[in-house]
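File shown here: data.csv, holding CSV, C-alpha atoms.
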chain,number,residue,atom,x,y,z
L,1,MET,CA,-25.0,-7.8,-22.0
L,2,ASN,CA,-25.4,-8.3,-18.3
L,3,LEU,CA,-22.9,-6.2,-16.4
L,4,ALA,CA,-22.4,-9.0,-13.9
L,5,ALA,CA,-21.2,-11.4,-16.5
L,6,THR,CA,-18.7,-9.6,-18.8
L,7,PRO,CA,-15.3,-11.0,-19.6
L,8,LEU,CA,-13.9,-8.4,-17.2
L,9,SER,CA,-16.2,-9.3,-14.2
L,10,TRP,CA,-14.6,-10.4,-10.9
L,11,ASN,CA,-15.0,-14.1,-10.3
L,12,SER,CA,-13.9,-14.6,-6.7
L,13,CYS,CA,-16.2,-14.5,-3.7
L,14,LEU,CA,-14.2,-11.8,-1.8
L,15,SER,CA,-13.7,-8.5,-3.6
L,16,ALA,CA,-10.4,-7.5,-5.0
L,17,LEU,CA,-10.4,-4.5,-2.6
L,18,ARG,CA,-10.8,-6.8,0.4
L,19,LEU,CA,-8.1,-9.2,-0.8
L,20,ASP,CA,-5.7,-6.3,-1.5
L,21,ARG,CA,-6.4,-4.8,2.0
L,22,TRP,CA,-5.8,-8.2,3.5
L,23,MET,CA,-2.5,-8.6,1.7
L,24,MET,CA,-1.4,-5.2,2.7
L,25,GLY,CA,-2.3,-5.6,6.4
L,26,GLU,CA,-5.1,-3.0,6.4
L,27,LEU,CA,-7.8,-5.2,7.9
L,28,ALA,CA,-8.5,-5.5,11.6
L,29,ALA,CA,-7.2,-8.7,13.3
L,30,ALA,CA,-10.5,-10.7,13.4
L,31,ASP,CA,-11.4,-9.7,9.9
L,32,SER,CA,-7.9,-10.5,8.6
L,33,GLU,CA,-8.1,-14.0,10.3
L,34,ASN,CA,-11.5,-14.6,8.6
L,35,VAL,CA,-10.1,-13.6,5.2
L,36,GLY,CA,-7.0,-15.8,5.7
L,37,THR,CA,-9.1,-18.8,6.7
L,38,HIS,CA,-11.4,-18.3,3.7
L,39,VAL,CA,-8.6,-17.8,1.2
L,40,SER,CA,-6.9,-21.0,2.3
L,41,ALA,CA,-10.1,-23.0,1.7
L,42,CYS,CA,-11.4,-21.3,-1.5
L,43,ALA,CA,-9.8,-22.1,-4.8
L,44,ALA,CA,-11.1,-18.9,-6.6
L,45,CYS,CA,-9.9,-16.5,-3.9
L,46,SER,CA,-6.7,-18.4,-3.5
L,47,ALA,CA,-6.0,-18.1,-7.3
L,48,ALA,CA,-6.9,-14.4,-7.1
L,49,VAL,CA,-4.4,-13.9,-4.3
L,50,ALA,CA,-1.7,-15.8,-6.2
L,51,GLY,CA,-2.3,-13.5,-9.2
L,52,MET,CA,-2.0,-10.4,-7.0
L,53,ARG,CA,1.3,-11.7,-5.6
L,54,GLY,CA,2.6,-12.4,-9.1
L,55,VAL,CA,1.9,-8.8,-10.2
L,56,ARG,CA,3.5,-7.5,-6.9
L,57,GLU,CA,6.7,-9.3,-7.9
L,58,GLU,CA,6.5,-7.9,-11.4
L,59,VAL,CA,6.3,-4.3,-10.1
L,60,ARG,CA,9.2,-4.9,-7.7
L,61,ALA,CA,11.3,-5.8,-10.7
L,62,LEU,CA,10.3,-2.8,-12.7
L,63,PRO,CA,12.6,0.3,-12.8
L,64,LEU,CA,11.3,3.2,-10.7
L,65,PRO,CA,9.6,6.1,-12.5
L,66,ALA,CA,12.1,8.9,-13.2
L,67,ALA,CA,10.4,11.3,-10.8
L,68,LEU,CA,11.0,8.9,-7.9
L,69,GLY,CA,14.7,8.6,-8.7
L,70,ARG,CA,17.0,5.9,-7.6
L,71,PRO,CA,17.1,5.0,-3.9
L,72,ALA,CA,19.8,6.8,-2.0
L,73,PRO,CA,22.9,4.7,-1.7
L,74,ARG,CA,23.4,3.1,1.7
L,75,ARG,CA,26.0,4.9,3.7
L,76,ARG,CA,29.0,2.7,4.4
L,77,ILE,CA,30.3,3.0,7.9
L,78,PRO,CA,34.1,2.8,8.2
L,79,PRO,CA,35.1,-0.3,10.2
L,80,ALA,CA,37.0,1.9,12.7
L,81,ALA,CA,33.7,3.6,13.6
L,82,LEU,CA,31.9,0.4,14.2
L,83,ALA,CA,33.3,-0.1,17.7
L,84,GLY,CA,31.9,3.2,18.9
L,85,VAL,CA,28.6,2.5,17.2
L,86,GLY,CA,28.5,-0.9,18.9
L,87,LEU,CA,28.8,0.7,22.3
L,88,ALA,CA,26.0,3.1,21.5
L,89,LEU,CA,23.8,0.3,20.2
L,90,ALA,CA,24.4,-1.7,23.4
L,91,ALA,CA,23.2,1.3,25.4
L,92,SER,CA,20.1,2.3,23.3
L,93,LEU,CA,19.0,-0.5,21.1
L,94,PHE,CA,18.3,-3.9,22.4
L,95,LEU,CA,16.1,-6.9,22.0
L,96,VAL,CA,13.2,-6.9,24.3
L,97,LEU,CA,11.1,-9.7,25.7
L,98,ARG,CA,9.1,-12.4,23.8
L,99,THR,CA,12.1,-13.6,21.8
L,100,PRO,CA,12.2,-17.3,21.1
L,101,PRO,CA,14.4,-19.4,23.3
L,102,ALA,CA,18.0,-19.2,22.4
L,103,ALA,CA,18.1,-22.7,21.1
L,104,GLU,CA,15.4,-21.9,18.6
L,105,ARG,CA,16.9,-18.9,17.0
L,106,PRO,CA,20.0,-18.6,14.9
L,107,LYS,CA,23.0,-16.8,16.3
L,108,GLY,CA,22.0,-13.2,16.2
L,109,SER,CA,18.4,-12.3,15.3
L,110,GLY,CA,19.4,-10.4,12.2
L,111,LEU,CA,16.8,-7.8,13.0
L,112,GLY,CA,17.6,-4.1,12.8
L,113,LEU,CA,15.9,-0.7,13.0
L,114,THR,CA,17.6,2.3,11.4
L,115,MET,CA,16.4,5.9,11.5
L,116,TYR,CA,17.2,8.7,9.0
L,117,VAL,CA,16.7,12.3,9.9
L,118,GLN,CA,16.1,15.2,7.5
L,119,HIS,CA,17.0,18.5,9.1
L,120,GLY,CA,16.6,21.4,6.7
L,121,GLY,CA,18.0,20.2,3.4
L,122,GLU,CA,20.3,17.7,4.9
L,123,VAL,CA,19.6,14.0,5.4
L,124,ARG,CA,21.7,11.9,7.9
L,125,ARG,CA,21.6,8.5,9.3
L,126,ALA,CA,20.8,8.9,13.0
L,127,GLU,CA,22.6,7.0,15.8
L,128,PRO,CA,20.7,5.8,18.8
L,129,GLY,CA,20.3,8.6,21.4
L,130,GLU,CA,21.0,11.3,18.9
L,131,HIS,CA,19.7,14.8,19.2
L,132,VAL,CA,17.1,15.9,16.7
L,133,SER,CA,14.9,19.0,16.4
L,134,PRO,CA,11.1,19.6,16.4
L,135,GLY,CA,10.1,19.8,12.8
L,136,ASP,CA,12.7,17.4,11.5
L,137,ALA,CA,11.4,14.6,9.3
L,138,VAL,CA,12.3,11.1,10.3
L,139,ARG,CA,12.1,7.9,8.3
L,140,PHE,CA,12.8,4.3,9.3
L,141,ALA,CA,14.4,1.3,7.6
L,142,VAL,CA,14.3,-2.2,8.9
L,143,SER,CA,16.5,-5.3,8.5
L,144,THR,CA,15.0,-8.7,8.7
L,145,PRO,CA,16.3,-12.1,7.5
L,146,THR,CA,12.8,-13.3,6.7
L,147,PRO,CA,9.6,-11.5,5.6
L,148,ALA,CA,8.0,-10.0,8.7
L,149,PHE,CA,5.1,-7.9,9.8
L,150,VAL,CA,6.6,-4.7,11.1
L,151,ALA,CA,5.5,-1.6,13.0
L,152,VAL,CA,7.2,1.3,14.6
L,153,LEU,CA,5.7,2.9,17.7
L,154,SER,CA,6.8,5.8,19.7
L,155,LEU,CA,6.4,7.1,23.3
L,156,ASP,CA,7.0,10.9,23.3
L,157,PRO,CA,8.4,12.8,26.3
L,158,ALA,CA,4.9,13.7,27.4
L,159,GLY,CA,4.1,10.0,27.8
L,160,LYS,CA,1.8,9.8,24.7
L,161,ALA,CA,2.3,6.7,22.5
L,162,SER,CA,1.5,6.6,18.8
L,163,VAL,CA,2.1,4.4,15.8
L,164,TYR,CA,4.7,5.9,13.3
L,165,PHE,CA,4.3,3.0,10.9
L,166,PRO,CA,2.2,1.7,9.3
L,167,GLN,CA,-0.8,4.0,8.9
L,168,ALA,CA,-3.0,1.1,9.6
L,169,SER,CA,-4.4,-0.8,12.6
L,170,ARG,CA,-2.1,-3.8,12.1
L,171,ALA,CA,1.6,-4.4,11.5
L,172,ALA,CA,2.5,-4.3,7.8
L,173,GLN,CA,4.4,-6.9,5.9
L,174,VAL,CA,7.9,-6.1,4.9
L,175,PRO,CA,10.1,-8.3,2.7
L,176,ALA,CA,13.3,-9.8,3.9
L,177,GLY,CA,16.3,-7.6,3.4
L,178,ALA,CA,18.9,-5.2,4.9
L,179,GLU,CA,17.7,-1.7,5.6
L,180,VAL,CA,14.4,-2.0,3.8
L,181,PRO,CA,13.0,1.5,3.9
L,182,LEU,CA,9.5,1.8,5.3
L,183,PRO,CA,7.1,3.7,3.0
L,184,LEU,CA,6.0,6.4,5.3
L,185,GLY,CA,8.0,9.0,7.2
L,186,THR,CA,7.0,11.3,10.1
L,187,ARG,CA,7.6,14.9,10.9
L,188,LEU,CA,8.5,15.4,14.6
L,189,ASP,CA,6.2,17.6,16.7
L,190,GLY,CA,7.3,20.3,19.1
L,191,THR,CA,7.3,18.2,22.3
L,192,THR,CA,11.0,18.2,23.5
L,193,GLY,CA,12.8,15.6,25.6
L,194,GLN,CA,13.6,11.9,25.1
L,195,GLU,CA,11.4,10.0,22.8
L,196,ARG,CA,11.4,6.2,22.9
L,197,LEU,CA,10.7,4.0,19.9
L,198,LEU,CA,9.7,0.4,19.7
L,199,GLY,CA,10.1,-1.5,16.4
L,200,ILE,CA,8.3,-4.8,16.4
L,201,PHE,CA,8.8,-7.7,14.0
L,202,CYS,CA,6.1,-10.3,14.0
L,203,ALA,CA,5.1,-13.5,12.2
L,204,SER,CA,1.5,-12.3,11.7
L,205,ALA,CA,-0.2,-9.0,11.1
L,206,VAL,CA,-0.8,-8.2,14.8
L,207,GLU,CA,-3.2,-5.6,16.1
L,208,LEU,CA,-1.3,-2.5,17.1
L,209,GLU,CA,-3.7,-0.7,19.5
L,210,PRO,CA,-3.1,-3.0,22.5
L,211,ILE,CA,0.6,-2.6,22.0
L,212,ARG,CA,0.3,1.2,21.8
L,213,GLU,CA,-1.8,1.3,24.9
L,214,ALA,CA,0.6,-0.9,26.8
L,215,LEU,CA,3.5,1.3,25.7
L,216,GLU,CA,1.7,4.3,27.1
L,217,ARG,CA,1.2,2.5,30.3
L,218,GLY,CA,4.9,1.6,30.4
L,219,HIS,CA,4.4,-2.2,29.7
L,220,ASP,CA,5.8,-2.3,26.2
L,221,ALA,CA,7.9,-5.5,26.6
L,222,SER,CA,5.3,-7.6,28.3
L,223,SER,CA,2.6,-6.5,25.9
L,224,LEU,CA,4.1,-8.0,22.7
L,225,PRO,CA,2.3,-11.0,21.2
L,226,ALA,CA,4.1,-14.3,21.4
L,227,ASP,CA,5.2,-14.3,17.8
L,228,CYS,CA,6.8,-10.9,18.0
L,229,GLN,CA,10.2,-9.6,18.7
L,230,GLY,CA,10.9,-5.9,19.5
L,231,LEU,CA,13.8,-3.5,19.2
L,232,ARG,CA,14.0,-0.3,21.2
L,233,TRP,CA,15.5,2.9,20.0
L,234,SER,CA,15.6,6.4,21.5
L,235,PHE,CA,16.4,9.9,20.4
L,236,VAL,CA,16.3,13.3,22.1
L,237,LYS,CA,14.3,16.2,20.7
L,238,ARG,CA,15.6,19.6,21.7
P,1,MET,CA,3.9,11.7,8.2
P,2,ILE,CA,6.0,12.8,5.2
P,3,LEU,CA,5.9,11.4,1.7
P,4,ASP,CA,9.1,12.5,0.0
P,5,PRO,CA,10.3,10.8,-3.2
P,6,PRO,CA,12.1,8.0,-1.4
P,7,ALA,CA,9.0,7.3,0.6
P,8,ILE,CA,6.8,7.3,-2.5
P,9,ALA,CA,9.4,5.0,-4.2
P,10,SER,CA,9.0,2.6,-1.4
P,11,LEU,CA,5.2,2.9,-1.7
P,12,TYR,CA,5.5,2.1,-5.4
P,13,ARG,CA,7.4,-1.1,-4.6
P,14,SER,CA,5.0,-2.2,-1.9
P,15,HIS,CA,1.7,-1.1,-3.4
P,16,GLY,CA,2.3,-0.5,-7.1
P,17,HIS,CA,0.8,-3.9,-8.0
P,18,VAL,CA,-2.6,-2.7,-6.9
P,19,VAL,CA,-2.5,0.0,-9.6
P,20,LEU,CA,-0.9,-2.1,-12.4
P,21,ARG,CA,-3.2,-5.1,-12.0
P,22,ARG,CA,-6.4,-3.0,-12.1
P,23,ALA,CA,-5.1,-0.8,-14.9
P,24,ARG,CA,-4.4,-3.9,-17.0
P,25,THR,CA,-8.0,-5.0,-16.6
P,26,LEU,CA,-9.5,-1.6,-17.2
P,27,LEU,CA,-7.3,-0.5,-20.1
P,28,GLY,CA,-6.6,-3.9,-21.8
P,29,SER,CA,-3.2,-2.6,-22.8
P,30,GLU,CA,0.1,-3.4,-21.1
P,31,ALA,CA,1.7,-0.1,-22.3
P,32,ASP,CA,-1.2,2.0,-21.1
P,33,ALA,CA,-1.3,0.1,-17.8
P,34,ARG,CA,2.4,0.8,-17.1
P,35,GLU,CA,1.9,4.4,-18.0
P,36,ALA,CA,-1.0,4.6,-15.5
P,37,LEU,CA,1.3,3.1,-12.8
P,38,GLN,CA,4.0,5.6,-13.5
P,39,GLU,CA,1.7,8.6,-13.8
P,40,ILE,CA,-0.2,7.9,-10.6
P,41,PHE,CA,3.0,7.6,-8.5
P,42,THR,CA,4.6,10.6,-10.3
P,43,ALA,CA,1.5,12.7,-9.5
P,44,LEU,CA,1.9,11.7,-5.9
P,45,VAL,CA,5.3,13.4,-5.8
P,46,ARG,CA,3.6,16.6,-6.9
P,47,ASN,CA,0.7,16.2,-4.4
P,48,PRO,CA,1.6,13.9,-1.5
P,49,ASP,CA,-1.3,15.4,0.5
P,50,ALA,CA,-3.7,13.4,-1.6
P,51,VAL,CA,-2.7,10.1,0.0
P,52,ARG,CA,-1.7,11.5,3.3
P,53,SER,CA,-5.2,12.5,4.2
P,54,ALA,CA,-6.7,9.2,2.9
P,55,GLY,CA,-7.9,6.6,5.5
P,56,SER,CA,-6.5,3.7,3.5
P,57,ILE,CA,-3.6,3.6,1.1
P,58,VAL,CA,-5.2,0.7,-0.8
P,59,GLY,CA,-8.5,2.5,-1.0
P,60,TRP,CA,-6.8,5.7,-2.3
P,61,LEU,CA,-5.0,3.7,-5.0
P,62,TYR,CA,-8.2,2.2,-6.1
P,63,GLN,CA,-9.8,5.6,-6.5
P,64,ALA,CA,-6.8,7.1,-8.3
P,65,THR,CA,-6.5,4.2,-10.7
P,66,THR,CA,-10.2,4.1,-11.5
P,67,HIS,CA,-10.2,7.9,-12.2
P,68,HIS,CA,-7.0,7.7,-14.3
P,69,CYS,CA,-8.2,4.7,-16.4
P,70,LEU,CA,-11.7,6.1,-17.0
P,71,ASN,CA,-10.1,9.3,-18.2
P,72,THR,CA,-7.8,7.3,-20.5
P,73,LEU,CA,-10.8,5.3,-21.9
P,74,ARG,CA,-12.7,8.6,-22.6
P,75,LYS,CA,-9.7,10.2,-24.3
P,76,ALA,CA,-9.2,7.0,-26.4
P,77,ARG,CA,-12.9,7.2,-27.4
P,78,THR,CA,-12.5,10.9,-28.4
P,79,GLY,CA,-9.3,10.0,-30.3
P,80,ALA,CA,-11.0,7.1,-32.0
P,81,ARG,CA,-13.8,9.4,-33.1
P,82,VAL,CA,-11.4,11.9,-34.6
P,83,LEU,CA,-9.5,9.2,-36.4
P,84,GLU,CA,-12.4,7.0,-37.4
P,85,LEU,CA,-12.1,7.8,-41.0
P,86,HIS,CA,-8.5,6.5,-41.0
P,87,VAL,CA,-8.9,3.4,-38.9
P,88,ARG,CA,-10.5,0.2,-40.1
P,89,PRO,CA,-13.4,-0.7,-37.8
P,90,GLY,CA,-12.4,-3.4,-35.3
P,91,LEU,CA,-8.7,-3.0,-36.0
P,92,ALA,CA,-7.8,-2.7,-32.3
P,93,GLU,CA,-9.9,-5.7,-31.3
P,94,SER,CA,-8.1,-9.0,-30.9
P,95,GLY,CA,-8.4,-12.1,-28.8
P,96,GLY,CA,-11.5,-13.6,-30.4
P,97,PRO,CA,-15.1,-13.2,-29.1
P,98,ARG,CA,-13.9,-12.8,-25.5
P,99,GLY,CA,-11.4,-10.1,-26.4
P,100,GLU,CA,-14.1,-8.3,-28.4
P,101,ALA,CA,-16.5,-8.5,-25.6
P,102,ALA,CA,-13.9,-7.0,-23.2
P,103,ALA,CA,-13.2,-4.2,-25.6
P,104,GLU,CA,-16.9,-3.5,-25.8
P,105,VAL,CA,-17.1,-3.2,-22.0
P,106,ARG,CA,-14.3,-0.6,-22.1
P,107,ARG,CA,-16.0,1.3,-24.9
P,108,LEU,CA,-19.2,1.4,-23.0
P,109,LEU,CA,-17.4,2.4,-19.7
P,110,ALA,CA,-16.1,5.4,-21.7
P,111,LEU,CA,-19.7,6.5,-22.4
P,112,LEU,CA,-21.0,6.4,-18.9
P,113,PRO,CA,-20.9,9.4,-16.5
P,114,GLU,CA,-17.9,9.2,-14.1
P,115,ASP,CA,-19.7,8.2,-11.0
P,116,VAL,CA,-21.8,5.6,-12.8
P,117,ALA,CA,-18.7,4.1,-14.5
P,118,ALA,CA,-16.8,4.1,-11.2
P,119,ALA,CA,-19.7,2.2,-9.5
P,120,VAL,CA,-19.7,-0.4,-12.4
P,121,VAL,CA,-15.9,-0.8,-12.1
P,122,TYR,CA,-15.9,-1.3,-8.3
P,123,HIS,CA,-19.0,-3.6,-8.2
P,124,HIS,CA,-18.6,-5.7,-11.3
P,125,LEU,CA,-14.9,-5.6,-12.2
P,126,ASP,CA,-13.6,-5.6,-8.6
P,127,GLY,CA,-16.4,-7.6,-7.1
P,128,MET,CA,-17.1,-5.1,-4.3
P,129,THR,CA,-20.2,-5.2,-2.1
P,130,HIS,CA,-22.5,-2.1,-2.2
P,131,ALA,CA,-21.0,-1.1,1.2
P,132,GLU,CA,-17.4,-1.2,-0.2
P,133,VAL,CA,-18.4,0.8,-3.3
P,134,ALA,CA,-20.2,3.3,-1.1
P,135,GLU,CA,-17.1,3.7,1.0
P,136,LEU,CA,-14.9,4.5,-2.0
P,137,LEU,CA,-17.4,6.8,-3.7
P,138,GLY,CA,-18.3,8.5,-0.5
P,139,CYS,CA,-22.0,8.0,-0.9
P,140,SER,CA,-24.8,5.8,0.6
P,141,ARG,CA,-25.4,2.1,-0.3
P,142,ARG,CA,-28.8,3.2,-1.7
P,143,GLN,CA,-27.0,5.6,-4.0
P,144,VAL,CA,-24.8,2.8,-5.2
P,145,GLY,CA,-27.9,0.7,-6.0
P,146,TYR,CA,-29.2,3.6,-8.0
P,147,LEU,CA,-26.0,4.1,-9.9
P,148,LEU,CA,-25.8,0.5,-10.8
P,149,GLU,CA,-29.4,0.4,-12.0
P,150,ARG,CA,-28.7,3.5,-14.1
P,151,ALA,CA,-25.6,1.9,-15.5
P,152,GLN,CA,-27.5,-1.2,-16.6
P,153,GLY,CA,-30.1,0.9,-18.3
P,154,LEU,CA,-27.6,3.1,-20.1
P,155,TRP,CA,-25.7,0.0,-21.1
P,156,ASP,CA,-28.8,-1.7,-22.6
P,157,ARG,CA,-29.6,1.4,-24.5
P,158,ALA,CA,-26.1,1.8,-25.8
P,159,GLU,CA,-26.1,-1.8,-27.0
P,160,GLN,CA,-29.4,-1.3,-28.8
P,161,THR,CA,-28.2,1.7,-30.6
P,162,ALA,CA,-24.8,0.2,-31.5
Could the structure of this file be written out as structure tokens, please?
Amino acid sequence: MNLAATPLSWNSCLSALRLDRWMMGELAAADSENVGTHVSACAACSAAVAGMRGVREEVRALPLPAALGRPAPRRRIPPAALAGVGLALAASLFLVLRTPPAAERPKGSGLGLTMYVQHGGEVRRAEPGEHVSPGDAVRFAVSTPTPAFVAVLSLDPAGKASVYFPQASRAAQVPAGAEVPLPLGTRLDGTTGQERLLGIFCASAVELEPIREALERGHDASSLPADCQGLRWSFVKR
Amino acid sequence: MILDPPAIASLYRSHGHVVLRRARTLLGSEADAREALQEIFTALVRNPDAVRSAGSIVGWLYQATTHHCLNTLRKARTGARVLELHVRPGLAESGGPRGEAAAEVRRLLALLPEDVAAAVVYHHLDGMTHAEVAELLGCSRRQVGYLLERAQGLWDRAEQTA
């Protein structure tokens, strides 16, 4: 039997690895565009991607393995507390430039960026501007009314910008939902002072390095691609 | 970056399909494929450093799935040898000639050395180029060519002796 022609052999022109990396936003911008163009024109690759998406939906419907437990219940905020939170949000979390004209977007963007902090053995939902400690672990969740390509970048007190999420060169796709947890968390380093975060929500898997560089130069808002919206957040490490 | 159980649960939801799809192909059994999915992510809870240091999450999942499934195929082969006196030949085969040929591929994969079998899986079952296989195996493209040539030779020999 020829190994290239077994019943298990791959039949699409692009490899499964390349298609998976494309779907998960791991390819560089130009490469991703090339793959997207090819897939839309190639019946075999298009069928392979459809199959991959089908299995993805299957896995999302499966129960989690016992070791991973059930996701932590979302904390309900008493209505009375919302007014105070609203003021804090107005001060620290706001939509930045490159939003569509008001007439083109529904009332309220529906976008949200939430941060959870683990300090010692305790996990809490952080409010914008909150004090955290070096060594704390932080994790983000996003809210988006439609599937979006998302990234979270940071500018630390020393002026160094980095990408917290994803661990890839391009924004990663996140399904629509409220407080969808992002897969990867971050442990805070020892640099103290105010740290600024920029959560971006895009229609495509944008390249993150230009945005990171612009953030470091202090031009975060103007650097966002046309199909992106951004949310700012800040916390103080001390 | 931290990978605590909630983060790994999220990774399971977003990337688990990469494991399940390939495990189905490699193992040919829905129950075994789901077990592979569970075991790979459960192992990640015990050793999150494994993926934290990887350059690509998708690439790491390919490696972990291939390793897990080849081990499972080898264990099944050993188990089949132990039980061969009690199992009718061909009992596990179903799906007509195509199903039998697929089962034959899995049986032969279990016979190959790990690096040779992994090269076969990546190149022929995942359709990867030699460069992509080399990246996942951490070797040169020339070495990939050698592994694939060796695989075909071993394959031919195994078929002749079968």
Item checked: Between CA of Val152 (chain L) and CA of Phe235 (chain L) - distance in Å to one decimal -> 13.9 Å
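Contacts from chain L to chain P at a cut-off of 6 Å (only C-alpha atoms) map to Ala4, Pro7, Leu8, Ser9, Trp10, Ser15, Ala16, Val55, Arg56, Val59, Arg60, Pro65, Ala67, Leu68, Pro183, Leu184, Gly185, Thr186 and Arg187 of chain L.
Our summary of the geometry notes that CA of His68 (chain P) is positioned 19.8 Å from CA of Leu147 (chain P).
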Check: What's the 8 Å shell around Ser12 (chain L), counting all atoms listed in the file, without same-chain residues fewer than 4 positions away, as a ChimeraX atom specification?
Finding: /L:44-45,48 /P:127
How would the residues just chosen look if you wrote them out with C-alpha atoms as a PDB file, keeping the file's coordinate frame?
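Output below, filename out-v9.pdb:
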ATOM      1  CA  ALA L  44     -11.100 -18.900  -6.600  1.00  0.00           C
ATOM      2  CA  CYS L  45      -9.900 -16.500  -3.900  1.00  0.00           C
ATOM      3  CA  ALA L  48      -6.900 -14.400  -7.100  1.00  0.00           C
TER       4      ALA L  48
ATOM      5  CA  GLY P 127     -16.400  -7.600  -7.100  1.00  0.00           C
TER       6      GLY P 127
END
Notebook entry, point to check: Between L:Leu224, L:Leu188, L:Val150, L:Leu27, which is the closest to Arg238 (chain L) once you count only C-alpha atoms?
Noted result: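 Nearest candidate to Arg238 (chain L) out of L:Leu224, L:Leu188, L:Val150, L:Leu27: L:Leu188.
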Checklist line | One-decimal distance in Å that lies between CA of Met115 (chain L) and CA of Pro181 (chain L) | finding: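 About the pair CA of Pro181 (chain L) and CA of Met115 (chain L): they are 9.4 Å apart.
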Notebook entry, point to check: Hey, what's within 9 Å of Ala158 (chain P) if we count all atoms listed in the file and toss same-chain stuff fewer than 5 positions away? As a list of chain:residue names, please?
Noted result: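 My reading of the contact set: P:Leu108, P:Leu111, P:Gly153.
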Next item on the list: Give me the residues within 9 Å of Gly112 (chain L) as a ChimeraX atom specification, counting all atoms listed in the file and dropping any in the same chain fewer than 5 places off.
Entry: /L:141-144,178-179,199,231
